[in-house]
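Student: Starting off with a structure, shown below.
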Amino acid sequence: MVDASSENKRHIALIGFMGAGKSCVARELAKRYGCDRIDLDDYIEERAGKSVTDIFQQDGEQRFRQMELDALRAALDYPATTQVKPKATIIACGGGTVTNPESLALLRQGAVIVYLAVQPERALARINDWTTRPLLTQAGSVDAVYALAQSRLALYEAASDISVNTDKRDIDEVADCVVTRLREAGYARLLA
Ligand code: S3P
C-alpha cells in the first residue's frame, strides 16, 4: 500500500554495494522508459574534473560525501518541477551514498529506493579493477571488503522501499524484476 507521503517520490534511486550493477541497471531502465538518468559518480567526476579515486586521495572521503550530497540534490531536482508531468529520473547512487544521513533523508523524500542486493564474492567478481574503487583499495583484502559489505547490509535493507536480488540475474533480468516490484508496490506511475 502506498501512503500519502510516497506521492512526493518522483524519482527512482538504485542503491547497493559496489558491483551490484546500479549503473548498468539504471542505464537499462532509462533506455526502456525514455527516462533521464543520473549516475552520481559520473556527475561528481564531471563537475570536479577528476576521478573518484583522485577525489578520495586528494580531498578525502568526507569531501567526496559532500560532493555526493550536492550531486544527489541536483538529481532529485531534475527535471524542473515546473514541467507538467515530469518523468522520473533514474538515479544510480554510489555504494556509500546512504551512509550519509543527509543524503539518505533526501533520497527517502524524493525517490523510491531500490536496493540491488549482491553477495560480496559476486560483487568482487564483477569488478575487474579495484583501483577505480578507492574503498576497495583501502580495504586491501577480500576479507576486509566482505566486512565492509557486511557492515552496510542493515543500512541498505532499512533504506530500501524495494529490494531485488541480483546474484543469478543479468542486467535485463534485474531490470525486469525492478519493474515488476515497482508496479507491485504501486509505483507504476513513475514509469508511465
Ligand atoms: C563507494 C562506491 C563507489 C563510489 C566511491 C565510494 C562506496 O560507487 O561512489 O568509490 O562507498 O561504496 P559504486 O558503488 O558505483 O562503485
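Starting from 1 in every chain, residues are counted up; chains themselves are A, B, ... following the order of the C-alpha cells, and ligands are numbered from 1 as listed.
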Any residue with an atom at most 6 Å from ligand 1 counts, using only C-alpha atoms and all ligand atoms. Which are they? Put them as an mmCIF file with N, CA, C and O atoms, in the first residue's frame.
Tutor:
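Resulting contents of pocket-v5.cif:
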data_model
loop_
_atom_site.group_PDB
_atom_site.id
_atom_site.type_symbol
_atom_site.label_atom_id
_atom_site.label_comp_id
_atom_site.auth_asym_id
_atom_site.auth_seq_id
_atom_site.Cartn_x
_atom_site.Cartn_y
_atom_site.Cartn_z
ATOM 1 N N PHE A 17 25.721 -2.296 -2.792
ATOM 2 C CA PHE A 17 27.189 -2.321 -2.689
ATOM 3 C C PHE A 17 27.836 -2.173 -4.069
ATOM 4 O O PHE A 17 27.191 -2.397 -5.110
ATOM 5 N N MET A 18 29.095 -1.784 -4.067
ATOM 6 C CA MET A 18 29.872 -1.736 -5.315
ATOM 7 C C MET A 18 29.740 -3.083 -6.031
ATOM 8 O O MET A 18 29.835 -4.128 -5.390
ATOM 9 N N ASP A 41 28.332 9.141 -9.391
ATOM 10 C CA ASP A 41 29.799 9.150 -9.535
ATOM 11 C C ASP A 41 30.224 9.906 -10.803
ATOM 12 O O ASP A 41 31.167 10.695 -10.774
ATOM 13 N N GLY A 94 26.001 5.949 -5.478
ATOM 14 C CA GLY A 94 27.234 5.234 -5.181
ATOM 15 C C GLY A 94 26.949 4.253 -4.045
ATOM 16 O O GLY A 94 25.928 4.388 -3.343
ATOM 17 N N GLY A 95 27.831 3.304 -3.868
ATOM 18 C CA GLY A 95 27.624 2.299 -2.819
ATOM 19 C C GLY A 95 27.516 2.878 -1.420
ATOM 20 O O GLY A 95 26.916 2.276 -0.532
ATOM 21 N N GLY A 96 28.110 4.065 -1.225
ATOM 22 C CA GLY A 96 28.114 4.637 0.121
ATOM 23 C C GLY A 96 27.191 5.828 0.294
ATOM 24 O O GLY A 96 27.199 6.454 1.360
ATOM 25 N N ARG A 133 37.904 1.862 -7.412
ATOM 26 C CA ARG A 133 37.092 1.938 -6.187
ATOM 27 C C ARG A 133 38.037 2.153 -4.999
ATOM 28 O O ARG A 133 38.572 1.179 -4.443
ATOM 29 N N PRO A 134 38.216 3.419 -4.587
ATOM 30 C CA PRO A 134 39.193 3.683 -3.529
ATOM 31 C C PRO A 134 38.936 2.913 -2.245
ATOM 32 O O PRO A 134 39.883 2.526 -1.549
ATOM 33 N N LEU A 135 37.667 2.630 -1.920
ATOM 34 C CA LEU A 135 37.408 1.922 -0.665
ATOM 35 C C LEU A 135 37.827 0.449 -0.743
ATOM 36 O O LEU A 135 38.152 -0.152 0.268
#
Student: Using DSSP on the backbone coordinates, identify the residues of region 73-181 of chain A assigned to alpha helix (DSSP H); present them as number ranges by chain.
Tutor: A: 73-76, 101-110, 120-126, 134-139, 142-159, 171-181
Student: Of the candidates A:Ala159, A:Ala154, A:Ile90, A:Leu106, which one gets nearest to Gly34 (chain A) if we count only C-alpha atoms?
Tutor: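 Of A:Ala159, A:Ala154, A:Ile90, A:Leu106, the one nearest Gly34 (chain A) is A:Ile90, counting only C-alpha atoms.
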Student: Can you tell me which residues surround Ile44 (chain A) at a distance of at most 8 Å, considering only C-alpha atoms, apart from same-chain residues fewer than 5 positions away, and format the answer as an MDAnalysis selection string?
Tutor: chainID A and resid 52 67:68 71
Student: For region 20-64 of chain A versus region 178-187 of chain A, which residues have an atom no more than 12 Å away, and what is each residue's nearest atom pair and distance in Å rounded to one decimal, using only C-alpha atoms, chain-then-number order, as a Markdown table?
Tutor:
| residue | atom | partner | partner_atom | distance |
| --- | --- | --- | --- | --- |
| A:Lys22 | CA | A:Val178 | CA | 11.4 |
| A:Val25 | CA | A:Val178 | CA | 9.1 |
| A:Ala26 | CA | A:Val178 | CA | 10.3 |
| A:Glu28 | CA | A:Val178 | CA | 11.0 |
| A:Leu29 | CA | A:Val179 | CA | 8.4 |
| A:Ala30 | CA | A:Val179 | CA | 11.6 |
| A:Arg32 | CA | A:Val179 | CA | 10.4 |
| A:Tyr33 | CA | A:Val179 | CA | 10.3 |
Student: Here is a test: counting only C-alpha atoms, which residue of A:Leu190, A:Ala48, A:Ala144, A:Ala13 is nearest to Leu72 (chain A)?
Tutor: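 Of A:Leu190, A:Ala48, A:Ala144, A:Ala13, the one nearest Leu72 (chain A), counting only C-alpha atoms, is A:Ala13.
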Student: Excluding Ser51 (chain A) and any residue of its chain fewer than 2 positions from it, enumerate the residues within 12 Å of it, using only C-alpha atoms, and give them as a PyMOL selection string.
Tutor: chain A and resi 41-49+53-59+64+131-134
Student: Ala192 (chain A): which residues within 9 Å, counting only C-alpha atoms, same-chain residues fewer than 3 positions away excluded, as a list in words?
Tutor: Tyr33, Lys87, Ala188 and Arg189 of chain A
Student: Name the residues of chain A that come out as strand (DSSP E) in a backbone DSSP run; write them as a PDB file with all heavy atoms, in the first residue's frame.
Tutor:
ATOM      1  N   HIS A  11      11.232  10.139  -8.229  1.00  0.00           N
ATOM      2  CA  HIS A  11      12.347   9.510  -8.936  1.00  0.00           C
ATOM      3  C   HIS A  11      12.590   8.083  -8.449  1.00  0.00           C
ATOM      4  O   HIS A  11      12.005   7.650  -7.463  1.00  0.00           O
ATOM      5  CB  HIS A  11      13.608  10.351  -8.749  1.00  0.00           C
ATOM      6  CG  HIS A  11      13.440  11.762  -9.227  1.00  0.00           C
ATOM      7  ND1 HIS A  11      13.118  12.071 -10.528  1.00  0.00           N
ATOM      8  CD2 HIS A  11      13.504  12.942  -8.568  1.00  0.00           C
ATOM      9  CE1 HIS A  11      13.017  13.389 -10.660  1.00  0.00           C
ATOM     10  NE2 HIS A  11      13.233  13.937  -9.485  1.00  0.00           N
ATOM     11  N   ILE A  12      13.478   7.409  -9.168  1.00  0.00           N
ATOM     12  CA  ILE A  12      13.824   6.034  -8.795  1.00  0.00           C
ATOM     13  C   ILE A  12      15.327   5.999  -8.527  1.00  0.00           C
ATOM     14  O   ILE A  12      16.120   6.354  -9.412  1.00  0.00           O
ATOM     15  CB  ILE A  12      13.460   5.060  -9.938  1.00  0.00           C
ATOM     16  CG1 ILE A  12      11.955   5.101 -10.203  1.00  0.00           C
ATOM     17  CG2 ILE A  12      13.936   3.641  -9.615  1.00  0.00           C
ATOM     18  CD1 ILE A  12      11.523   4.401 -11.486  1.00  0.00           C
ATOM     19  N   ALA A  13      15.707   5.619  -7.316  1.00  0.00           N
ATOM     20  CA  ALA A  13      17.133   5.597  -6.957  1.00  0.00           C
ATOM     21  C   ALA A  13      17.579   4.165  -6.717  1.00  0.00           C
ATOM     22  O   ALA A  13      16.910   3.410  -6.012  1.00  0.00           O
ATOM     23  CB  ALA A  13      17.372   6.437  -5.707  1.00  0.00           C
ATOM     24  N   LEU A  14      18.695   3.802  -7.295  1.00  0.00           N
ATOM     25  CA  LEU A  14      19.247   2.457  -7.113  1.00  0.00           C
ATOM     26  C   LEU A  14      20.403   2.526  -6.113  1.00  0.00           C
ATOM     27  O   LEU A  14      21.331   3.326  -6.285  1.00  0.00           O
ATOM     28  CB  LEU A  14      19.757   1.903  -8.450  1.00  0.00           C
ATOM     29  CG  LEU A  14      18.747   1.892  -9.607  1.00  0.00           C
ATOM     30  CD1 LEU A  14      19.376   1.261 -10.845  1.00  0.00           C
ATOM     31  CD2 LEU A  14      17.477   1.142  -9.231  1.00  0.00           C
ATOM     32  N   ILE A  15      20.297   1.704  -5.067  1.00  0.00           N
ATOM     33  CA  ILE A  15      21.366   1.648  -4.066  1.00  0.00           C
ATOM     34  C   ILE A  15      21.894   0.214  -3.987  1.00  0.00           C
ATOM     35  O   ILE A  15      21.279  -0.721  -4.517  1.00  0.00           O
ATOM     36  CB  ILE A  15      20.885   2.117  -2.663  1.00  0.00           C
ATOM     37  CG1 ILE A  15      19.828   1.152  -2.081  1.00  0.00           C
ATOM     38  CG2 ILE A  15      20.352   3.542  -2.704  1.00  0.00           C
ATOM     39  CD1 ILE A  15      19.591   1.328  -0.575  1.00  0.00           C
ATOM     40  N   ASP A  36      15.284  10.211 -17.987  1.00  0.00           N
ATOM     41  CA  ASP A  36      16.632  10.727 -17.771  1.00  0.00           C
ATOM     42  C   ASP A  36      17.325   9.859 -16.733  1.00  0.00           C
ATOM     43  O   ASP A  36      16.667   9.192 -15.934  1.00  0.00           O
ATOM     44  CB  ASP A  36      16.570  12.171 -17.269  1.00  0.00           C
ATOM     45  CG  ASP A  36      16.111  13.119 -18.362  1.00  0.00           C
ATOM     46  OD1 ASP A  36      16.726  13.098 -19.445  1.00  0.00           O
ATOM     47  OD2 ASP A  36      15.129  13.843 -18.156  1.00  0.00           O
ATOM     48  N   ARG A  37      18.647   9.899 -16.768  1.00  0.00           N
ATOM     49  CA  ARG A  37      19.430   9.070 -15.846  1.00  0.00           C
ATOM     50  C   ARG A  37      20.594   9.900 -15.322  1.00  0.00           C
ATOM     51  O   ARG A  37      21.241  10.610 -16.100  1.00  0.00           O
ATOM     52  CB  ARG A  37      19.977   7.863 -16.621  1.00  0.00           C
ATOM     53  CG  ARG A  37      20.974   7.014 -15.885  1.00  0.00           C
ATOM     54  CD  ARG A  37      21.482   5.907 -16.805  1.00  0.00           C
ATOM     55  NE  ARG A  37      22.207   6.418 -17.955  1.00  0.00           N
ATOM     56  CZ  ARG A  37      23.511   6.656 -17.980  1.00  0.00           C
ATOM     57  NH1 ARG A  37      24.255   6.421 -16.918  1.00  0.00           N
ATOM     58  NH2 ARG A  37      24.112   7.116 -19.066  1.00  0.00           N
ATOM     59  N   ILE A  38      20.814   9.821 -14.038  1.00  0.00           N
ATOM     60  CA  ILE A  38      21.984  10.495 -13.470  1.00  0.00           C
ATOM     61  C   ILE A  38      22.763   9.494 -12.629  1.00  0.00           C
ATOM     62  O   ILE A  38      22.207   8.855 -11.739  1.00  0.00           O
ATOM     63  CB  ILE A  38      21.578  11.723 -12.617  1.00  0.00           C
ATOM     64  CG1 ILE A  38      20.921  12.777 -13.514  1.00  0.00           C
ATOM     65  CG2 ILE A  38      22.798  12.317 -11.896  1.00  0.00           C
ATOM     66  CD1 ILE A  38      20.508  14.058 -12.819  1.00  0.00           C
ATOM     67  N   ASP A  39      24.030   9.333 -12.981  1.00  0.00           N
ATOM     68  CA  ASP A  39      24.921   8.468 -12.215  1.00  0.00           C
ATOM     69  C   ASP A  39      25.733   9.398 -11.311  1.00  0.00           C
ATOM     70  O   ASP A  39      26.477  10.252 -11.803  1.00  0.00           O
ATOM     71  CB  ASP A  39      25.824   7.715 -13.213  1.00  0.00           C
ATOM     72  CG  ASP A  39      26.608   6.613 -12.552  1.00  0.00           C
ATOM     73  OD1 ASP A  39      27.373   6.918 -11.621  1.00  0.00           O
ATOM     74  OD2 ASP A  39      26.455   5.453 -12.969  1.00  0.00           O
ATOM     75  N   THR A  89      13.470  10.504 -12.922  1.00  0.00           N
ATOM     76  CA  THR A  89      14.876  10.360 -13.289  1.00  0.00           C
ATOM     77  C   THR A  89      15.370   9.093 -12.588  1.00  0.00           C
ATOM     78  O   THR A  89      15.017   8.844 -11.431  1.00  0.00           O
ATOM     79  CB  THR A  89      15.691  11.582 -12.805  1.00  0.00           C
ATOM     80  OG1 THR A  89      15.195  12.746 -13.447  1.00  0.00           O
ATOM     81  CG2 THR A  89      17.171  11.428 -13.117  1.00  0.00           C
ATOM     82  N   ILE A  90      16.146   8.291 -13.311  1.00  0.00           N
ATOM     83  CA  ILE A  90      16.716   7.094 -12.693  1.00  0.00           C
ATOM     84  C   ILE A  90      18.089   7.493 -12.146  1.00  0.00           C
ATOM     85  O   ILE A  90      18.965   7.926 -12.900  1.00  0.00           O
ATOM     86  CB  ILE A  90      16.903   5.945 -13.719  1.00  0.00           C
ATOM     87  CG1 ILE A  90      15.670   5.761 -14.621  1.00  0.00           C
ATOM     88  CG2 ILE A  90      17.305   4.655 -12.997  1.00  0.00           C
ATOM     89  CD1 ILE A  90      14.467   5.198 -13.972  1.00  0.00           C
ATOM     90  N   ILE A  91      18.240   7.356 -10.839  1.00  0.00           N
ATOM     91  CA  ILE A  91      19.467   7.810 -10.188  1.00  0.00           C
ATOM     92  C   ILE A  91      20.288   6.600  -9.749  1.00  0.00           C
ATOM     93  O   ILE A  91      19.827   5.789  -8.939  1.00  0.00           O
ATOM     94  CB  ILE A  91      19.141   8.686  -8.954  1.00  0.00           C
ATOM     95  CG1 ILE A  91      18.255   9.880  -9.365  1.00  0.00           C
ATOM     96  CG2 ILE A  91      20.425   9.164  -8.284  1.00  0.00           C
ATOM     97  CD1 ILE A  91      17.666  10.639  -8.175  1.00  0.00           C
ATOM     98  N   ALA A  92      21.493   6.482 -10.307  1.00  0.00           N
ATOM     99  CA  ALA A  92      22.407   5.437  -9.843  1.00  0.00           C
ATOM    100  C   ALA A  92      23.250   6.039  -8.732  1.00  0.00           C
ATOM    101  O   ALA A  92      24.091   6.912  -8.978  1.00  0.00           O
ATOM    102  CB  ALA A  92      23.284   4.949 -10.995  1.00  0.00           C
ATOM    103  N   ALA A 111      12.644   9.920  -3.695  1.00  0.00           N
ATOM    104  CA  ALA A 111      12.783   8.796  -4.635  1.00  0.00           C
ATOM    105  C   ALA A 111      12.297   7.482  -4.026  1.00  0.00           C
ATOM    106  O   ALA A 111      12.369   7.298  -2.806  1.00  0.00           O
ATOM    107  CB  ALA A 111      14.252   8.650  -5.031  1.00  0.00           C
ATOM    108  N   VAL A 112      11.833   6.623  -4.889  1.00  0.00           N
ATOM    109  CA  VAL A 112      11.613   5.234  -4.478  1.00  0.00           C
ATOM    110  C   VAL A 112      13.004   4.607  -4.450  1.00  0.00           C
ATOM    111  O   VAL A 112      13.750   4.704  -5.436  1.00  0.00           O
ATOM    112  CB  VAL A 112      10.730   4.475  -5.487  1.00  0.00           C
ATOM    113  CG1 VAL A 112      10.513   3.044  -5.024  1.00  0.00           C
ATOM    114  CG2 VAL A 112       9.417   5.173  -5.659  1.00  0.00           C
ATOM    115  N   ILE A 113      13.345   4.010  -3.339  1.00  0.00           N
ATOM    116  CA  ILE A 113      14.706   3.490  -3.189  1.00  0.00           C
ATOM    117  C   ILE A 113      14.707   1.987  -3.473  1.00  0.00           C
ATOM    118  O   ILE A 113      14.033   1.212  -2.782  1.00  0.00           O
ATOM    119  CB  ILE A 113      15.248   3.776  -1.774  1.00  0.00           C
ATOM    120  CG1 ILE A 113      15.187   5.293  -1.485  1.00  0.00           C
ATOM    121  CG2 ILE A 113      16.676   3.259  -1.640  1.00  0.00           C
ATOM    122  CD1 ILE A 113      15.690   5.686  -0.092  1.00  0.00           C
ATOM    123  N   VAL A 114      15.449   1.624  -4.492  1.00  0.00           N
ATOM    124  CA  VAL A 114      15.515   0.221  -4.913  1.00  0.00           C
ATOM    125  C   VAL A 114      16.888  -0.322  -4.547  1.00  0.00           C
ATOM    126  O   VAL A 114      17.915   0.173  -5.031  1.00  0.00           O
ATOM    127  CB  VAL A 114      15.296   0.099  -6.432  1.00  0.00           C
ATOM    128  CG1 VAL A 114      15.354  -1.365  -6.861  1.00  0.00           C
ATOM    129  CG2 VAL A 114      13.978   0.732  -6.854  1.00  0.00           C
ATOM    130  N   TYR A 115      16.879  -1.324  -3.703  1.00  0.00           N
ATOM    131  CA  TYR A 115      18.145  -1.936  -3.250  1.00  0.00           C
ATOM    132  C   TYR A 115      18.489  -3.123  -4.145  1.00  0.00           C
ATOM    133  O   TYR A 115      17.728  -4.079  -4.234  1.00  0.00           O
ATOM    134  CB  TYR A 115      17.971  -2.365  -1.786  1.00  0.00           C
ATOM    135  CG  TYR A 115      19.046  -3.257  -1.211  1.00  0.00           C
ATOM    136  CD1 TYR A 115      20.380  -3.132  -1.586  1.00  0.00           C
ATOM    137  CD2 TYR A 115      18.716  -4.222  -0.254  1.00  0.00           C
ATOM    138  CE1 TYR A 115      21.357  -3.947  -1.037  1.00  0.00           C
ATOM    139  CE2 TYR A 115      19.691  -5.038   0.305  1.00  0.00           C
ATOM    140  CZ  TYR A 115      21.010  -4.894  -0.100  1.00  0.00           C
ATOM    141  OH  TYR A 115      21.976  -5.710   0.445  1.00  0.00           O
ATOM    142  N   LEU A 116      19.627  -3.033  -4.812  1.00  0.00           N
ATOM    143  CA  LEU A 116      20.116  -4.156  -5.610  1.00  0.00           C
ATOM    144  C   LEU A 116      21.091  -4.946  -4.736  1.00  0.00           C
ATOM    145  O   LEU A 116      22.211  -4.505  -4.474  1.00  0.00           O
ATOM    146  CB  LEU A 116      20.815  -3.654  -6.886  1.00  0.00           C
ATOM    147  CG  LEU A 116      19.965  -2.794  -7.829  1.00  0.00           C
ATOM    148  CD1 LEU A 116      20.747  -2.479  -9.110  1.00  0.00           C
ATOM    149  CD2 LEU A 116      18.636  -3.468  -8.173  1.00  0.00           C
ATOM    150  N   ALA A 117      20.616  -6.081  -4.257  1.00  0.00           N
ATOM    151  CA  ALA A 117      21.419  -6.890  -3.336  1.00  0.00           C
ATOM    152  C   ALA A 117      22.376  -7.791  -4.118  1.00  0.00           C
ATOM    153  O   ALA A 117      22.033  -8.295  -5.193  1.00  0.00           O
ATOM    154  CB  ALA A 117      20.493  -7.736  -2.463  1.00  0.00           C
ATOM    155  N   ILE A 162      12.147  -1.160  -1.908  1.00  0.00           N
ATOM    156  CA  ILE A 162      12.024  -2.382  -2.712  1.00  0.00           C
ATOM    157  C   ILE A 162      13.406  -3.006  -2.780  1.00  0.00           C
ATOM    158  O   ILE A 162      14.398  -2.281  -2.880  1.00  0.00           O
ATOM    159  CB  ILE A 162      11.595  -1.980  -4.150  1.00  0.00           C
ATOM    160  CG1 ILE A 162      10.129  -1.573  -4.181  1.00  0.00           C
ATOM    161  CG2 ILE A 162      11.859  -3.082  -5.170  1.00  0.00           C
ATOM    162  CD1 ILE A 162       9.757  -0.861  -5.447  1.00  0.00           C
ATOM    163  N   SER A 163      13.473  -4.356  -2.744  1.00  0.00           N
ATOM    164  CA  SER A 163      14.806  -4.928  -2.971  1.00  0.00           C
ATOM    165  C   SER A 163      14.739  -6.050  -4.002  1.00  0.00           C
ATOM    166  O   SER A 163      13.721  -6.733  -4.138  1.00  0.00           O
ATOM    167  CB  SER A 163      15.422  -5.406  -1.662  1.00  0.00           C
ATOM    168  OG  SER A 163      14.696  -6.466  -1.146  1.00  0.00           O
ATOM    169  N   VAL A 164      15.832  -6.173  -4.731  1.00  0.00           N
ATOM    170  CA  VAL A 164      15.928  -7.172  -5.798  1.00  0.00           C
ATOM    171  C   VAL A 164      17.272  -7.863  -5.664  1.00  0.00           C
ATOM    172  O   VAL A 164      18.309  -7.197  -5.562  1.00  0.00           O
ATOM    173  CB  VAL A 164      15.823  -6.482  -7.190  1.00  0.00           C
ATOM    174  CG1 VAL A 164      16.185  -7.446  -8.306  1.00  0.00           C
ATOM    175  CG2 VAL A 164      14.438  -5.894  -7.409  1.00  0.00           C
ATOM    176  N   ASN A 165      17.240  -9.187  -5.658  1.00  0.00           N
ATOM    177  CA  ASN A 165      18.494  -9.928  -5.610  1.00  0.00           C
ATOM    178  C   ASN A 165      19.091 -10.021  -7.015  1.00  0.00           C
ATOM    179  O   ASN A 165      18.399 -10.408  -7.956  1.00  0.00           O
ATOM    180  CB  ASN A 165      18.239 -11.323  -5.036  1.00  0.00           C
ATOM    181  CG  ASN A 165      19.534 -12.017  -4.748  1.00  0.00           C
ATOM    182  OD1 ASN A 165      20.334 -12.271  -5.638  1.00  0.00           O
ATOM    183  ND2 ASN A 165      19.776 -12.311  -3.489  1.00  0.00           N
TER     184      ASN A 165
END
Student: Have a look at A:Leu76, A:Cys24, A:Val145, A:Leu124 and name the one nearest to Arg108 (chain A); count only C-alpha atoms.
Tutor: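 Smallest separation from Arg108 (chain A) among the options: A:Leu76.
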Student: Would you work out the distance separating CA of Gly16 (chain A) from CA of Thr99 (chain A), expressed in Å to one decimal?
Tutor: 11.0 Å
Student: Closest to Leu155 (chain A) among A:Ile171, A:Trp130, A:Ser23, A:Asn100, using only C-alpha atoms?
Tutor: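 Under the stated criterion, the closest residue is A:Asn100.
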Student: Extract, using only C-alpha atoms, all DNA, RNA and protein residues at most 12 Å from Asp167 (chain A), discarding same-chain residues fewer than 5 positions from it, and format them as a ChimeraX atom specification.
Tutor: /A:19-21,116-126,173-174
Student: For Asp77 (chain A), which residue among A:Arg169, A:Asn128, A:Lys9, A:Val142 is the nearest when counting only C-alpha atoms?
Tutor: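 When distances to Asp77 (chain A) are compared using only C-alpha atoms, the smallest one comes from A:Lys9.
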Student: For a test of reading the model, state the distance in Å between CA of Ala158 (chain A) and CA of Asp172 (chain A), rounded to one decimal.
Tutor: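 Separating CA of Ala158 (chain A) from CA of Asp172 (chain A) is a distance of 25.5 Å.
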Student: Hey, can you check how far CA of Cys177 (chain A) sits from CA of Asp70 (chain A)?
Tutor: 29.7 Å
